[in-house]
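File shown here: start_7.txt, holding compact mmCIF, N, CA and C atoms.
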```txt
# COMPACT_ATOMS: atom_id res chain seq x y z
N MET A 15 -7.02 20.28 1.68
CA MET A 15 -6.77 19.04 2.38
C MET A 15 -7.47 17.87 1.70
N ASN A 16 -8.68 18.09 1.22
CA ASN A 16 -9.41 17.00 0.57
C ASN A 16 -8.68 16.49 -0.66
N ASP A 17 -8.05 17.39 -1.42
CA ASP A 17 -7.28 16.97 -2.59
C ASP A 17 -6.11 16.10 -2.17
N TRP A 18 -5.45 16.48 -1.09
CA TRP A 18 -4.30 15.72 -0.61
C TRP A 18 -4.72 14.33 -0.16
N VAL A 19 -5.81 14.23 0.59
CA VAL A 19 -6.30 12.93 1.04
C VAL A 19 -6.70 12.07 -0.15
N ALA A 20 -7.33 12.68 -1.14
CA ALA A 20 -7.72 11.94 -2.35
C ALA A 20 -6.48 11.41 -3.08
N TYR A 21 -5.44 12.22 -3.15
CA TYR A 21 -4.20 11.79 -3.81
C TYR A 21 -3.59 10.61 -3.08
N ILE A 22 -3.47 10.72 -1.75
CA ILE A 22 -2.88 9.64 -0.96
C ILE A 22 -3.71 8.37 -1.07
N THR A 23 -5.02 8.52 -1.03
CA THR A 23 -5.90 7.36 -1.14
C THR A 23 -5.76 6.68 -2.50
N ALA A 24 -5.69 7.48 -3.55
CA ALA A 24 -5.51 6.92 -4.89
C ALA A 24 -4.16 6.21 -5.01
N TYR A 25 -3.11 6.82 -4.46
CA TYR A 25 -1.79 6.22 -4.50
C TYR A 25 -1.79 4.89 -3.75
N ALA A 26 -2.39 4.89 -2.56
CA ALA A 26 -2.45 3.66 -1.77
C ALA A 26 -3.25 2.59 -2.50
N GLY A 27 -4.31 2.99 -3.18
CA GLY A 27 -5.11 2.04 -3.94
C GLY A 27 -4.33 1.41 -5.09
N ARG A 28 -3.58 2.24 -5.82
CA ARG A 28 -2.76 1.71 -6.92
C ARG A 28 -1.66 0.79 -6.40
N ALA A 29 -1.04 1.19 -5.29
CA ALA A 29 0.01 0.35 -4.71
C ALA A 29 -0.56 -0.98 -4.22
N ALA A 30 -1.73 -0.92 -3.59
CA ALA A 30 -2.36 -2.15 -3.10
C ALA A 30 -2.72 -3.07 -4.27
N GLU A 31 -3.21 -2.49 -5.34
CA GLU A 31 -3.55 -3.29 -6.52
C GLU A 31 -2.32 -3.98 -7.08
N LYS A 32 -1.21 -3.27 -7.15
CA LYS A 32 0.02 -3.86 -7.68
C LYS A 32 0.53 -4.97 -6.77
N VAL A 33 0.48 -4.73 -5.46
CA VAL A 33 0.91 -5.76 -4.52
C VAL A 33 0.04 -7.00 -4.65
N TYR A 34 -1.28 -6.80 -4.76
CA TYR A 34 -2.20 -7.92 -4.90
C TYR A 34 -1.94 -8.68 -6.21
N ARG A 35 -1.72 -7.94 -7.29
CA ARG A 35 -1.45 -8.59 -8.58
C ARG A 35 -0.17 -9.42 -8.51
N ASN A 36 0.87 -8.88 -7.87
CA ASN A 36 2.11 -9.63 -7.72
C ASN A 36 1.90 -10.88 -6.88
N GLN A 37 1.06 -10.77 -5.86
CA GLN A 37 0.75 -11.93 -5.02
C GLN A 37 0.05 -13.01 -5.84
N ARG A 38 -0.92 -12.62 -6.65
CA ARG A 38 -1.65 -13.59 -7.47
C ARG A 38 -0.69 -14.26 -8.46
N GLU A 39 0.21 -13.51 -9.06
CA GLU A 39 1.18 -14.09 -10.00
C GLU A 39 2.08 -15.09 -9.28
N SER A 40 2.48 -14.76 -8.06
CA SER A 40 3.32 -15.67 -7.29
C SER A 40 2.59 -16.97 -7.00
N GLU A 41 1.30 -16.87 -6.67
CA GLU A 41 0.51 -18.07 -6.41
C GLU A 41 0.39 -18.92 -7.66
N LEU A 42 0.20 -18.29 -8.81
CA LEU A 42 0.07 -19.03 -10.06
C LEU A 42 1.38 -19.70 -10.45
N ASN A 43 2.50 -19.10 -10.05
CA ASN A 43 3.81 -19.67 -10.36
C ASN A 43 4.26 -20.70 -9.34
N GLY A 44 3.42 -20.96 -8.34
CA GLY A 44 3.72 -22.02 -7.38
C GLY A 44 4.74 -21.66 -6.32
N LYS A 45 4.87 -20.40 -5.99
CA LYS A 45 5.82 -20.03 -4.94
C LYS A 45 5.26 -20.40 -3.58
N ASP A 46 6.15 -20.47 -2.58
CA ASP A 46 5.75 -20.97 -1.26
C ASP A 46 4.93 -19.95 -0.47
N SER A 47 4.49 -20.37 0.71
CA SER A 47 3.55 -19.58 1.51
C SER A 47 4.17 -18.35 2.13
N CYS A 48 5.49 -18.21 2.10
CA CYS A 48 6.09 -17.00 2.67
C CYS A 48 5.68 -15.78 1.86
N ASP A 49 5.23 -15.97 0.61
CA ASP A 49 4.74 -14.85 -0.18
C ASP A 49 3.47 -14.25 0.43
N LYS A 50 2.65 -15.09 1.06
CA LYS A 50 1.44 -14.57 1.71
C LYS A 50 1.81 -13.66 2.87
N LYS A 51 2.84 -14.05 3.60
CA LYS A 51 3.32 -13.21 4.70
C LYS A 51 3.86 -11.90 4.15
N ARG A 52 4.61 -11.96 3.08
CA ARG A 52 5.17 -10.76 2.47
C ARG A 52 4.06 -9.87 1.92
N PHE A 53 3.01 -10.47 1.38
CA PHE A 53 1.87 -9.71 0.89
C PHE A 53 1.24 -8.91 2.02
N ARG A 54 1.01 -9.56 3.15
CA ARG A 54 0.42 -8.85 4.30
C ARG A 54 1.34 -7.74 4.78
N GLU A 55 2.64 -8.02 4.85
CA GLU A 55 3.60 -7.00 5.28
C GLU A 55 3.59 -5.80 4.34
N ASN A 56 3.52 -6.05 3.05
CA ASN A 56 3.50 -4.95 2.08
C ASN A 56 2.22 -4.13 2.19
N MET A 57 1.10 -4.78 2.46
CA MET A 57 -0.15 -4.05 2.61
C MET A 57 -0.11 -3.16 3.85
N VAL A 58 0.51 -3.64 4.92
CA VAL A 58 0.66 -2.83 6.13
C VAL A 58 1.55 -1.63 5.83
N LYS A 59 2.60 -1.83 5.05
CA LYS A 59 3.49 -0.72 4.68
C LYS A 59 2.75 0.33 3.86
N VAL A 60 1.93 -0.10 2.93
CA VAL A 60 1.15 0.84 2.12
C VAL A 60 0.25 1.68 3.01
N ALA A 61 -0.44 1.03 3.93
CA ALA A 61 -1.34 1.76 4.83
C ALA A 61 -0.56 2.71 5.73
N ALA A 62 0.57 2.27 6.24
CA ALA A 62 1.37 3.12 7.13
C ALA A 62 1.90 4.34 6.39
N LEU A 63 2.33 4.17 5.15
CA LEU A 63 2.81 5.31 4.38
C LEU A 63 1.70 6.32 4.11
N ALA A 64 0.52 5.83 3.81
CA ALA A 64 -0.60 6.73 3.57
C ALA A 64 -0.94 7.52 4.83
N LEU A 65 -0.99 6.84 5.96
CA LEU A 65 -1.30 7.53 7.21
C LEU A 65 -0.21 8.53 7.59
N ALA A 66 1.04 8.16 7.37
CA ALA A 66 2.14 9.08 7.68
C ALA A 66 2.08 10.33 6.81
N ALA A 67 1.76 10.16 5.55
CA ALA A 67 1.66 11.32 4.65
C ALA A 67 0.52 12.24 5.06
N ILE A 68 -0.60 11.67 5.43
CA ILE A 68 -1.74 12.49 5.87
C ILE A 68 -1.38 13.23 7.16
N GLU A 69 -0.75 12.54 8.09
CA GLU A 69 -0.37 13.18 9.35
C GLU A 69 0.66 14.29 9.11
N ALA A 70 1.62 14.05 8.23
CA ALA A 70 2.62 15.07 7.92
C ALA A 70 1.95 16.30 7.32
N HIS A 71 0.98 16.09 6.46
CA HIS A 71 0.28 17.22 5.86
C HIS A 71 -0.51 17.98 6.91
N GLU A 72 -1.18 17.27 7.80
CA GLU A 72 -1.95 17.93 8.85
C GLU A 72 -1.07 18.74 9.80
N ASN A 73 0.16 18.28 10.01
CA ASN A 73 1.09 18.98 10.89
C ASN A 73 1.89 20.06 10.17
N GLY A 74 1.65 20.22 8.88
CA GLY A 74 2.29 21.28 8.12
C GLY A 74 3.70 20.99 7.64
N TYR A 75 4.10 19.70 7.62
CA TYR A 75 5.44 19.36 7.17
C TYR A 75 5.57 19.32 5.65
N CYS A 76 4.47 19.24 4.96
CA CYS A 76 4.54 19.21 3.49
C CYS A 76 3.34 19.88 2.89
```

Here is a file; write its structure as structure tokens.
Amino acid sequence: MNDWVAYITAYAGRAAEKVYRNQRESELNGKDSCDKKRFRENMVKVAALALAAIEAHENGYC
């Protein structure tokens, strides 16, 4: 189980880093504030996917 949690955590970290990098590039390119909302939404999705994967593993689905 610890290996699985470590994998999910690493995946979520890489995804969060990519989302953050894309957000910073958007800010540098002068895009509007709706990108900040999309950034927050994407971060929530990353967290939700990680939690769902951990729960699925705990329930024996994968």

| field | Contact residues around region 52-60 of chain A with all atoms listed in the file at 6.5 Å, ignoring same-chain residues under 6 positions, as a count of residues only | value | 4

| field | One-decimal distance in Å that lies between atom C of Ile22 (chain A) and CA of Ala64 (chain A) | value |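 Separation of CA of Ala64 (chain A) and atom C of Ile22 (chain A): 5.8 Å.
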
| Picked from chain A by DSSP as helix (DSSP H, G or I), as a PyMOL selection string | chain A and resi 16-42+48-72

| task | In Å, rounded to a single decimal, give me how far CA of Ala29 (chain A) is from CA of Asn43 (chain A). | result | 21.1 Å

| field | Point-to-point distance in Å for atom N of Gly27 (chain A) and atom N of Gly44 (chain A) | value | 25.7 Å
